[in-house]
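Text of protein-v1.txt (compact mmCIF, C-alpha atoms and all ligand atoms) as supplied:
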```txt
# COMPACT_ATOMS: atom_id res chain seq x y z
CA MET I 19 15.89 6.84 12.47
CA LEU I 20 12.37 7.14 13.86
CA GLN I 21 11.59 3.68 15.26
CA LEU I 22 7.93 4.18 16.02
CA PRO I 23 6.14 0.79 16.20
CA SER I 24 3.35 0.77 13.62
CA ALA I 25 1.34 -1.25 11.13
CA GLU I 26 1.89 -0.57 7.44
CA LEU I 27 -1.45 -1.02 5.69
CA HIS I 28 -0.81 0.53 2.28
CA LEU I 29 2.16 -1.00 0.54
CA HIS I 30 2.55 -2.42 -2.97
CA ILE I 31 5.22 -5.10 -2.94
CA GLU I 32 6.12 -4.27 -6.54
CA GLY I 33 6.71 -0.68 -5.39
CA THR I 34 9.53 -1.85 -3.11
CA LEU I 35 11.70 -2.88 -6.06
CA GLU I 36 14.83 -0.80 -5.43
CA PRO I 37 17.02 0.24 -8.39
CA GLU I 38 19.92 -1.97 -7.23
CA LEU I 39 17.62 -5.01 -7.05
CA ILE I 40 16.27 -4.23 -10.53
CA PHE I 41 19.81 -4.51 -11.91
CA GLU I 42 20.57 -7.61 -9.81
CA LEU I 43 17.43 -9.46 -10.95
CA ALA I 44 17.93 -8.39 -14.58
CA GLU I 45 21.39 -9.94 -14.54
CA ARG I 46 20.16 -13.09 -12.78
CA ASN I 47 17.38 -13.54 -15.36
CA GLY I 48 19.39 -12.51 -18.44
CA ILE I 49 17.21 -9.48 -19.15
CA ALA I 50 18.55 -6.44 -21.04
CA LEU I 51 17.33 -3.31 -19.23
CA PRO I 52 16.47 -0.15 -21.18
CA TYR I 53 18.79 1.85 -18.85
CA ALA I 54 22.51 2.53 -19.30
CA ASP I 55 23.22 2.24 -15.57
CA LEU I 56 21.83 2.91 -12.08
CA ALA I 57 22.16 6.67 -12.49
CA ASP I 58 20.23 6.55 -15.75
CA LEU I 59 17.43 4.61 -14.04
CA ARG I 60 17.40 6.96 -11.03
CA ASP I 61 17.09 9.96 -13.35
CA ARG I 62 13.67 8.66 -14.39
CA TYR I 63 12.17 8.88 -10.88
CA GLU I 64 10.59 12.27 -11.58
CA PHE I 65 6.84 12.00 -11.88
CA THR I 66 4.18 14.43 -13.07
CA ASP I 67 1.14 12.39 -11.99
CA LEU I 68 0.03 8.84 -11.11
CA GLN I 69 0.21 7.57 -14.71
CA SER I 70 3.80 8.76 -15.23
CA PHE I 71 4.78 6.69 -12.19
CA LEU I 72 2.71 3.66 -13.21
CA ASP I 73 4.49 3.54 -16.59
CA LEU I 74 7.87 3.06 -14.87
CA TYR I 75 6.43 0.81 -12.13
CA TYR I 76 4.93 -1.67 -14.62
CA SER I 77 7.99 -1.54 -16.88
CA ASN I 78 10.44 -2.32 -14.04
CA MET I 79 8.38 -5.33 -12.93
CA ASP I 80 9.66 -7.14 -15.98
CA VAL I 81 12.67 -8.32 -13.93
CA LEU I 82 10.37 -10.34 -11.62
CA ARG I 83 10.22 -13.75 -13.26
CA THR I 84 10.69 -16.58 -10.74
CA GLU I 85 9.33 -17.55 -7.33
CA ALA I 86 12.77 -16.71 -5.90
CA ASP I 87 12.55 -13.17 -7.36
CA PHE I 88 9.21 -12.57 -5.62
CA ALA I 89 10.51 -14.06 -2.37
CA ASP I 90 13.67 -11.92 -2.50
CA ILE I 91 11.86 -8.62 -3.10
CA THR I 92 9.45 -9.44 -0.27
CA ARG I 93 12.23 -10.35 2.15
CA ALA I 94 14.09 -7.15 1.26
CA TYR I 95 10.96 -5.11 2.07
CA LEU I 96 10.35 -6.93 5.37
CA ARG I 97 13.95 -6.36 6.49
CA ARG I 98 13.76 -2.64 5.69
CA ALA I 99 10.26 -2.29 7.17
CA ALA I 100 11.34 -3.95 10.43
CA ALA I 101 14.20 -1.42 10.68
CA ALA I 102 11.56 1.31 10.20
CA GLY I 103 9.58 0.07 13.21
CA VAL I 104 6.88 -1.75 11.21
CA ARG I 105 5.51 -4.57 13.38
CA HIS I 106 2.63 -5.64 11.14
CA ALA I 107 2.37 -5.26 7.35
CA GLU I 108 -0.58 -5.81 5.03
CA ILE I 109 0.98 -6.14 1.62
CA MET I 110 -0.73 -5.67 -1.73
CA MET I 111 0.40 -7.44 -4.87
CA ASP I 112 -0.80 -6.91 -8.46
CA PRO I 113 -1.32 -10.44 -9.91
CA GLN I 114 -2.64 -9.15 -13.26
CA ALA I 115 0.53 -7.14 -13.84
CA HIS I 116 2.44 -10.43 -13.79
CA LEU I 117 -0.12 -12.59 -15.60
CA VAL I 118 -0.08 -10.24 -18.63
CA ARG I 119 3.69 -10.75 -18.83
CA GLY I 120 3.29 -14.52 -18.86
CA VAL I 121 4.26 -15.07 -15.21
CA ALA I 122 2.01 -17.71 -13.62
CA LEU I 123 -0.25 -16.86 -10.69
CA GLU I 124 1.44 -19.58 -8.61
CA THR I 125 4.86 -18.07 -9.24
CA CYS I 126 4.05 -14.62 -7.87
CA VAL I 127 1.67 -15.72 -5.10
CA ASN I 128 3.87 -18.55 -3.82
CA GLY I 129 7.02 -16.44 -3.99
CA VAL I 130 5.59 -13.58 -1.93
CA ALA I 131 3.74 -15.96 0.41
CA SER I 132 6.88 -18.02 1.14
CA ALA I 133 8.69 -14.89 2.36
CA LEU I 134 5.68 -13.78 4.41
CA ALA I 135 5.46 -17.22 6.05
CA GLY I 136 8.85 -16.70 7.71
CA SER I 137 8.39 -13.02 8.51
CA GLU I 138 7.36 -13.17 12.17
CA ALA I 139 10.23 -15.49 13.03
CA GLU I 140 12.86 -13.70 10.94
CA PHE I 141 11.84 -10.04 11.25
CA GLY I 142 9.21 -9.86 14.03
CA VAL I 143 6.72 -8.53 11.48
CA SER I 144 3.29 -10.18 11.27
CA THR I 145 1.77 -10.00 7.79
CA GLY I 146 -1.27 -10.32 5.58
CA LEU I 147 -1.39 -10.59 1.78
CA ILE I 148 -3.93 -8.63 -0.29
CA ALA I 149 -4.57 -9.23 -4.01
CA ALA I 150 -5.11 -5.87 -5.71
CA PHE I 151 -6.97 -5.69 -9.01
CA LEU I 152 -6.06 -3.24 -11.76
CA ARG I 153 -9.00 -0.87 -12.31
CA ASP I 154 -7.77 0.10 -15.79
CA ARG I 155 -8.19 -3.51 -16.96
CA PRO I 156 -11.56 -5.25 -17.45
CA ALA I 157 -13.54 -6.16 -14.32
CA GLY I 158 -14.25 -9.58 -15.89
CA GLU I 159 -10.52 -10.30 -15.86
CA ALA I 160 -10.33 -9.31 -12.18
CA LEU I 161 -13.22 -11.66 -11.37
CA GLN I 162 -11.53 -14.52 -13.22
CA VAL I 163 -8.23 -13.96 -11.38
CA LEU I 164 -10.13 -13.85 -8.07
CA GLU I 165 -11.75 -17.20 -8.91
CA GLU I 166 -8.31 -18.65 -9.69
CA LEU I 167 -6.91 -17.33 -6.41
CA LEU I 168 -9.80 -18.92 -4.53
CA ALA I 169 -9.44 -22.20 -6.45
CA MET I 170 -5.73 -22.42 -5.58
CA ASP I 171 -6.50 -21.54 -1.95
CA ALA I 172 -4.07 -18.60 -2.13
CA PRO I 173 -3.16 -17.30 1.35
CA ILE I 174 -4.81 -13.90 0.83
CA ILE I 175 -6.74 -12.05 3.53
CA GLY I 176 -8.45 -9.61 1.19
CA ILE I 177 -8.68 -7.74 -2.09
CA GLY I 178 -7.86 -4.20 -3.19
CA LEU I 179 -8.28 -1.97 -6.26
CA ASP I 180 -5.42 0.09 -7.68
CA SER I 181 -3.75 1.50 -10.83
CA ALA I 182 -4.98 4.49 -12.91
CA GLU I 183 -7.92 5.95 -10.99
CA VAL I 184 -9.55 8.71 -13.04
CA GLY I 185 -12.06 7.27 -15.53
CA HIS I 186 -12.13 3.91 -13.73
CA PRO I 187 -14.69 4.29 -10.92
CA PRO I 188 -15.32 1.65 -8.25
CA SER I 189 -18.84 1.05 -9.64
CA GLY I 190 -17.37 -1.18 -12.37
CA PHE I 191 -16.13 -3.70 -9.80
CA VAL I 192 -19.27 -4.50 -7.80
CA ALA I 193 -19.34 -8.18 -8.88
CA VAL I 194 -15.68 -8.66 -7.89
CA TYR I 195 -16.26 -7.22 -4.41
CA GLU I 196 -19.48 -9.20 -3.97
CA ARG I 197 -17.57 -12.40 -4.77
CA ALA I 198 -14.81 -11.45 -2.32
CA ARG I 199 -17.36 -10.75 0.42
CA ALA I 200 -19.04 -14.11 -0.18
CA ALA I 201 -15.62 -15.78 0.08
CA GLY I 202 -15.02 -14.15 3.47
CA LEU I 203 -12.27 -11.79 2.25
CA ARG I 204 -11.58 -8.30 3.58
CA ARG I 205 -12.14 -5.45 1.10
CA ILE I 206 -10.20 -2.24 0.53
CA ALA I 207 -9.84 0.09 -2.48
CA HIS I 208 -7.79 3.06 -3.62
CA ALA I 209 -10.13 6.05 -3.90
CA GLY I 210 -9.75 9.82 -3.76
CA GLU I 211 -6.03 9.79 -4.63
CA GLU I 212 -6.44 11.52 -8.01
CA GLY I 213 -10.11 10.62 -8.40
CA PRO I 214 -13.03 12.70 -7.07
CA PRO I 215 -14.89 12.28 -3.75
CA GLU I 216 -17.65 10.41 -5.66
CA TYR I 217 -15.25 7.49 -6.04
CA VAL I 218 -14.89 7.32 -2.24
CA TRP I 219 -18.68 7.24 -1.85
CA GLU I 220 -18.86 4.46 -4.45
CA ALA I 221 -16.12 2.42 -2.77
CA LEU I 222 -18.05 2.62 0.52
CA ASP I 223 -21.59 2.19 -0.76
CA LEU I 224 -21.15 -0.06 -3.80
CA LEU I 225 -18.07 -2.11 -2.93
CA GLY I 226 -18.56 -2.21 0.85
CA VAL I 227 -14.90 -1.50 1.54
CA GLU I 228 -13.58 -1.51 5.11
CA ARG I 229 -10.70 0.88 4.42
CA ILE I 230 -9.95 3.54 1.82
CA ASP I 231 -6.43 3.75 0.39
CA HIS I 232 -5.41 7.45 0.16
CA GLY I 233 -8.82 9.20 0.33
CA ILE I 234 -7.20 12.65 0.53
CA ARG I 235 -9.70 14.25 -1.88
CA CYS I 236 -12.52 13.52 0.63
CA LEU I 237 -11.83 16.98 2.05
CA GLU I 238 -13.60 18.49 -0.98
CA ASP I 239 -16.92 17.04 0.23
CA ASP I 240 -18.14 17.96 3.74
CA ALA I 241 -20.85 15.29 3.81
CA LEU I 242 -18.26 12.67 2.94
CA VAL I 243 -15.89 13.87 5.65
CA GLU I 244 -18.74 13.66 8.17
CA ARG I 245 -19.56 10.11 7.07
CA LEU I 246 -15.91 8.97 7.20
CA ALA I 247 -15.42 10.57 10.62
CA ALA I 248 -18.69 9.22 12.07
CA GLU I 249 -17.87 5.67 10.95
CA GLN I 250 -14.14 6.06 11.62
CA VAL I 251 -13.38 4.55 8.23
CA PRO I 252 -9.60 4.06 8.07
CA LEU I 253 -7.81 6.16 5.46
CA THR I 254 -4.35 4.83 4.62
CA VAL I 255 -2.58 8.04 3.71
CA CYS I 256 0.83 8.10 1.95
CA PRO I 257 2.34 11.60 2.31
CA LEU I 258 5.60 11.20 0.34
CA SER I 259 3.69 9.40 -2.44
CA ASN I 260 1.24 12.31 -2.71
CA VAL I 261 4.12 14.78 -3.04
CA ARG I 262 6.03 12.74 -5.63
CA LEU I 263 2.88 12.10 -7.73
CA ARG I 264 1.99 15.80 -7.54
CA ALA I 265 -1.33 15.31 -5.71
CA VAL I 266 0.04 18.07 -3.46
CA ASP I 267 2.76 20.63 -4.26
CA THR I 268 4.96 20.09 -1.21
CA LEU I 269 4.69 18.20 2.07
CA LYS I 270 3.77 21.50 3.77
CA ASP I 271 0.61 21.52 1.62
CA HIS I 272 -0.35 17.96 2.59
CA PRO I 273 -3.86 17.65 4.08
CA LEU I 274 -2.88 15.18 6.83
CA PRO I 275 -3.12 17.78 9.67
CA ALA I 276 -6.49 18.95 8.30
CA MET I 277 -7.69 15.35 8.13
CA LEU I 278 -6.72 14.77 11.77
CA ALA I 279 -8.41 18.03 12.77
CA ARG I 280 -11.63 16.84 11.11
CA GLY I 281 -11.58 13.69 13.27
CA LEU I 282 -10.69 11.28 10.46
CA ASN I 283 -9.07 7.92 11.17
CA VAL I 284 -5.78 8.48 9.35
CA CYS I 285 -2.63 6.39 9.34
CA VAL I 286 0.76 6.81 7.62
CA ASN I 287 2.11 4.48 4.93
CA SER I 288 4.79 4.35 2.24
CA ASP I 289 2.78 3.08 -0.82
CA ASP I 290 5.74 2.44 -3.21
CA PRO I 291 8.77 3.33 -1.08
CA ALA I 292 11.42 2.49 -3.70
CA TYR I 293 9.91 5.14 -5.97
CA PHE I 294 8.80 7.86 -3.59
CA GLY I 295 11.91 8.57 -1.54
CA GLY I 296 11.19 6.75 1.66
CA TYR I 297 9.84 3.97 3.84
CA VAL I 298 7.36 4.50 6.65
CA ASP I 299 9.99 5.89 9.03
CA ASP I 300 10.93 8.49 6.40
CA ASN I 301 7.25 9.42 6.06
CA PHE I 302 6.88 9.82 9.85
CA GLY I 303 10.20 11.69 10.09
CA GLN I 304 9.39 14.20 7.37
CA LEU I 305 5.87 14.73 8.77
CA ARG I 306 7.36 15.42 12.19
CA GLU I 307 9.83 17.89 10.74
CA THR I 308 7.33 19.66 8.49
CA PHE I 309 4.39 19.91 10.89
CA GLY I 310 6.21 19.73 14.23
CA LEU I 311 4.18 16.68 15.27
CA SER I 312 4.55 15.76 18.95
CA ALA I 313 5.31 12.26 20.23
CA ASP I 314 1.65 12.01 21.29
CA GLU I 315 0.48 12.87 17.77
CA LEU I 316 2.88 10.38 16.17
CA ALA I 317 1.72 7.71 18.63
CA THR I 318 -1.92 8.47 17.72
CA LEU I 319 -1.14 7.94 14.02
CA ALA I 320 0.60 4.65 14.82
CA ALA I 321 -2.26 3.51 17.07
CA ASN I 322 -4.71 4.32 14.26
CA SER I 323 -2.75 1.97 11.97
CA VAL I 324 -2.88 -0.87 14.48
CA ARG I 325 -6.59 -0.36 15.19
CA SER I 326 -7.29 -0.39 11.44
CA ALA I 327 -5.31 -3.56 10.73
CA PHE I 328 -6.92 -6.90 9.87
CA VAL I 329 -5.22 -8.57 12.81
CA ALA I 330 -6.23 -10.76 15.78
CA GLN I 331 -7.25 -8.88 18.91
CA GLN I 332 -4.37 -10.28 20.96
CA ARG I 333 -1.77 -9.07 18.45
CA ARG I 334 -3.56 -5.70 18.21
CA GLU I 335 -3.36 -5.21 21.97
CA ALA I 336 0.29 -6.23 22.10
CA LEU I 337 1.16 -3.70 19.38
CA LEU I 338 -0.85 -0.92 21.06
CA GLY I 339 1.16 -1.68 24.20
CA GLU I 340 4.42 -1.25 22.24
CA ILE I 341 3.24 2.10 20.90
CA GLU I 342 2.34 3.27 24.41
CA ASP I 343 5.80 2.18 25.63
CA TRP I 344 7.37 4.16 22.76
CA ARG I 345 5.29 7.24 23.63
CA LEU I 346 6.28 7.10 27.31
CA ALA I 347 9.96 6.64 26.37
CA GLN I 348 9.89 9.91 24.38
CA GLY I 349 9.58 11.83 27.66
N1 LIG I 401 -0.24 5.08 -5.56
C1 LIG I 401 -0.85 4.18 -6.35
N2 LIG I 401 -2.08 4.46 -6.82
C2 LIG I 401 -2.70 3.60 -7.61
N3 LIG I 401 -2.19 2.44 -8.00
C3 LIG I 401 -0.98 2.11 -7.56
N4 LIG I 401 -0.22 1.02 -7.76
C4 LIG I 401 0.92 1.18 -7.10
N5 LIG I 401 0.94 2.36 -6.46
C5 LIG I 401 -0.25 2.96 -6.72
ZN ZN I 402 -1.24 2.60 -3.35
```

Mind turning the file's structure into structure tokens?
Ligand SMILES: Nc1ncnc2[nH]cnc12
Ligand SMILES: [Zn+2]
Amino acid sequence: MLQLPSAELHLHIEGTLEPELIFELAERNGIALPYADLADLRDRYEFTDLQSFLDLYYSNMDVLRTEADFADITRAYLRRAAAAGVRHAEIMMDPQAHLVRGVALETCVNGVASALAGSEAEFGVSTGLIAAFLRDRPAGEALQVLEELLAMDAPIIGIGLDSAEVGHPPSGFVAVYERARAAGLRRIAHAGEEGPPEYVWEALDLLGVERIDHGIRCLEDDALVERLAAEQVPLTVCPLSNVRLRAVDTLKDHPLPAMLARGLNVCVNSDDPAYFGGYVDDNFGQLRETFGLSADELATLAANSVRSAFVAQQRREALLGEIEDWRLAQG
């Protein structure tokens, strides 16, 4: 296993729900699953686009009911991420996906947060929690949930924007991002995964985001590439996700090498590892195999992740030191 120290900046906690845990939680909560068995569930992990994945992702979340469920899924991710070399994780959660099912905000936030609180001691992984809003639901609902998160003093460091991208541009969420900025929160958004380069421009110019999640379609717009490179805007790229959601045909066709060649600030992430065939070490490993990346190039990708993290300077420097030690140890 490739144990490159890195920061994982693009990870949906609900996307770490492994098939075995789905069955375990269903039994614990007395829920009848619409699958005959594990094999039947696994057979459904074939996606044609983002929406075909989202349908299964939202459906499987139904097993998450109690604070303990949210704590367990988070602890399972942290254990696996630590084994993958992740030393800092900024974790998105989708509060609206739980609220619409009748699960209280406190239940999901406190469950995830309780696991994160013990993460450094238990797994050596520092963490941050990011509330992501669903762009295919009304912006007014997102603003109301943000107000509730602020009122309950939820331990979030920032906000994000995810779910079905095409037809739901960032421009609809200006008020949400303005409120987050005023509250001192960090701001990121998915853009340019399936959506056009215009959505990346909007995320930067209208929402004031500090990082772009995915951003791979920026390559269709030279002026945008120049802007992203000049400002070194972090792009949290998820190679195995892009293959499984058919944004690219195969990993060989992935634009990551082209993005690096254009001087973009790219890092590697797993997005929804339980659904896309791998955690961050699998992403690094398959990139290395496919593109013949050198230890120096892998270390650059890892250093990009640490430099792009919302983390204290002292922690950042310690992690950069670990990456340099890893690079030197590769010979
Ligand atoms: N890859 C992805 N794109 C948009 N929304 C998501 N929610 C979970 N994973 C996502
Ligand atoms: Zn994502």

Kindly assemble as a tab-separated table a list of the chain I residues that lie within 6 Å of ligand LIG 401 (chain I), each paired with its nearest atom pair and their distance in Å to one decimal, using all atoms listed in the file, sorted first by chain and then by ascending residue number.
```
residue	atom	partner	partner_atom	distance
I:His30	CA	I:LIG401	C4	5.7
I:Asp180	CA	I:LIG401	N3	4.0
I:Ser181	CA	I:LIG401	N3	3.4
I:Ala182	CA	I:LIG401	C2	5.8
I:Asp289	CA	I:LIG401	N1	6.0
I:Asp290	CA	I:LIG401	N5	5.8
```

Write to file, as an mmCIF file, in the coordinates of the input, the residues of the selection just made, with C-alpha atoms.
```
data_model
loop_
_atom_site.group_PDB
_atom_site.id
_atom_site.type_symbol
_atom_site.label_atom_id
_atom_site.label_comp_id
_atom_site.auth_asym_id
_atom_site.auth_seq_id
_atom_site.Cartn_x
_atom_site.Cartn_y
_atom_site.Cartn_z
ATOM 1 C CA HIS I 30 2.550 -2.420 -2.970
ATOM 2 C CA ASP I 180 -5.420 0.090 -7.680
ATOM 3 C CA SER I 181 -3.750 1.500 -10.830
ATOM 4 C CA ALA I 182 -4.980 4.490 -12.910
ATOM 5 C CA ASP I 289 2.780 3.080 -0.820
ATOM 6 C CA ASP I 290 5.740 2.440 -3.210
#
```

Check: Within 12 Å of Leu168 (chain I), counting only C-alpha atoms, which residues qualify if same-chain residues fewer than 4 places away don't, as a PyMOL selection string?
Finding: chain I and resi 123-124+127+149+161-164+172-177+197-198+200-203

Notebook entry, point to check: Residues within 10 Å of ligand ZN 402 (chain I) (only C-alpha atoms and all ligand atoms), as a PyMOL selection string?
Noted result: chain I and resi 27-30+33+110+150+178-181+207-209+211+231-232+254-256+259+287-290

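If you look at CA of Ala321 (chain I) and CA of Val286 (chain I), they are 10.5 Å away from each other.
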
Checklist line | Pairwise distance for CA of Arg97 (chain I) and CA of Gly295 (chain I), rounded to one decimal in Å | finding: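 Atom-to-atom, CA of Arg97 (chain I) to CA of Gly295 (chain I), that is 17.1 Å.
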
Next item on the list: For Met277 (chain I), please output as a VMD selection string all residues within 9 Å (counting only C-alpha atoms; exclusion window: fewer than 6 positions along the same chain).
Entry: chain I and resid 234 237 243 283 to 284

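What separates CA of Leu253 (chain I) from CA of Asp67 (chain I) is a distance of 20.6 Å.
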
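The list of residues with at least one atom within 8 Å of Asn47 (chain I), based on all atoms listed in the file and without residues fewer than 3 positions apart in the same chain, reads Leu43, Ala44, Val81 and Arg83 of chain I.
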
Answer as a PDB file with C-alpha atoms, keeping the file's coordinate frame, residues within 7 Å of (-9.6, 14.5, -3.4) using only C-alpha atoms:
```pdb
ATOM      1  CA  GLY I 210      -9.750   9.820  -3.760  1.00  0.00           C
ATOM      2  CA  GLU I 211      -6.030   9.790  -4.630  1.00  0.00           C
ATOM      3  CA  GLU I 212      -6.440  11.520  -8.010  1.00  0.00           C
ATOM      4  CA  GLY I 213     -10.110  10.620  -8.400  1.00  0.00           C
ATOM      5  CA  PRO I 214     -13.030  12.700  -7.070  1.00  0.00           C
ATOM      6  CA  PRO I 215     -14.890  12.280  -3.750  1.00  0.00           C
ATOM      7  CA  GLY I 233      -8.820   9.200   0.330  1.00  0.00           C
ATOM      8  CA  ILE I 234      -7.200  12.650   0.530  1.00  0.00           C
ATOM      9  CA  ARG I 235      -9.700  14.250  -1.880  1.00  0.00           C
ATOM     10  CA  CYS I 236     -12.520  13.520   0.630  1.00  0.00           C
ATOM     11  CA  LEU I 237     -11.830  16.980   2.050  1.00  0.00           C
ATOM     12  CA  GLU I 238     -13.600  18.490  -0.980  1.00  0.00           C
TER      13      GLU I 238
END
```

At a cut-off of 12 Å, using only C-alpha atoms, what residues contact Arg306 (chain I)? Leave out same-chain residues fewer than 2 positions from it and give the result as a short mmCIF file (atom, residue, chain, number, x, y, z; two decimals) with C-alpha atoms, in the coordinates of the input.
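File result.cif, as written:
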```
data_model
loop_
_atom_site.label_atom_id
_atom_site.label_comp_id
_atom_site.auth_asym_id
_atom_site.auth_seq_id
_atom_site.Cartn_x
_atom_site.Cartn_y
_atom_site.Cartn_z
CA LEU I 20 12.37 7.14 13.86
CA LEU I 22 7.93 4.18 16.02
CA PRO I 257 2.34 11.60 2.31
CA LEU I 269 4.69 18.20 2.07
CA LYS I 270 3.77 21.50 3.77
CA LEU I 274 -2.88 15.18 6.83
CA PRO I 275 -3.12 17.78 9.67
CA VAL I 286 0.76 6.81 7.62
CA ASP I 299 9.99 5.89 9.03
CA ASP I 300 10.93 8.49 6.40
CA ASN I 301 7.25 9.42 6.06
CA PHE I 302 6.88 9.82 9.85
CA GLY I 303 10.20 11.69 10.09
CA GLN I 304 9.39 14.20 7.37
CA THR I 308 7.33 19.66 8.49
CA PHE I 309 4.39 19.91 10.89
CA GLY I 310 6.21 19.73 14.23
CA LEU I 311 4.18 16.68 15.27
CA SER I 312 4.55 15.76 18.95
CA ALA I 313 5.31 12.26 20.23
CA ASP I 314 1.65 12.01 21.29
CA GLU I 315 0.48 12.87 17.77
CA LEU I 316 2.88 10.38 16.17
CA ALA I 317 1.72 7.71 18.63
CA LEU I 319 -1.14 7.94 14.02
#
```

Margin query: When you count only C-alpha atoms, which of these residues is closest to Tyr53 (chain I): I:Leu224, I:Thr84, I:Phe41, I:Pro252?
Written below: I:Phe41

Margin query: Just checking: using all atoms listed in the file, which residue out of I:Ile206, I:Pro156, I:Arg105, I:Ala247 ends up closest to Arg229 (chain I)?
Written below: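 Once distances to Arg229 (chain I) are computed over all atoms listed in the file, the minimum belongs to I:Ile206.
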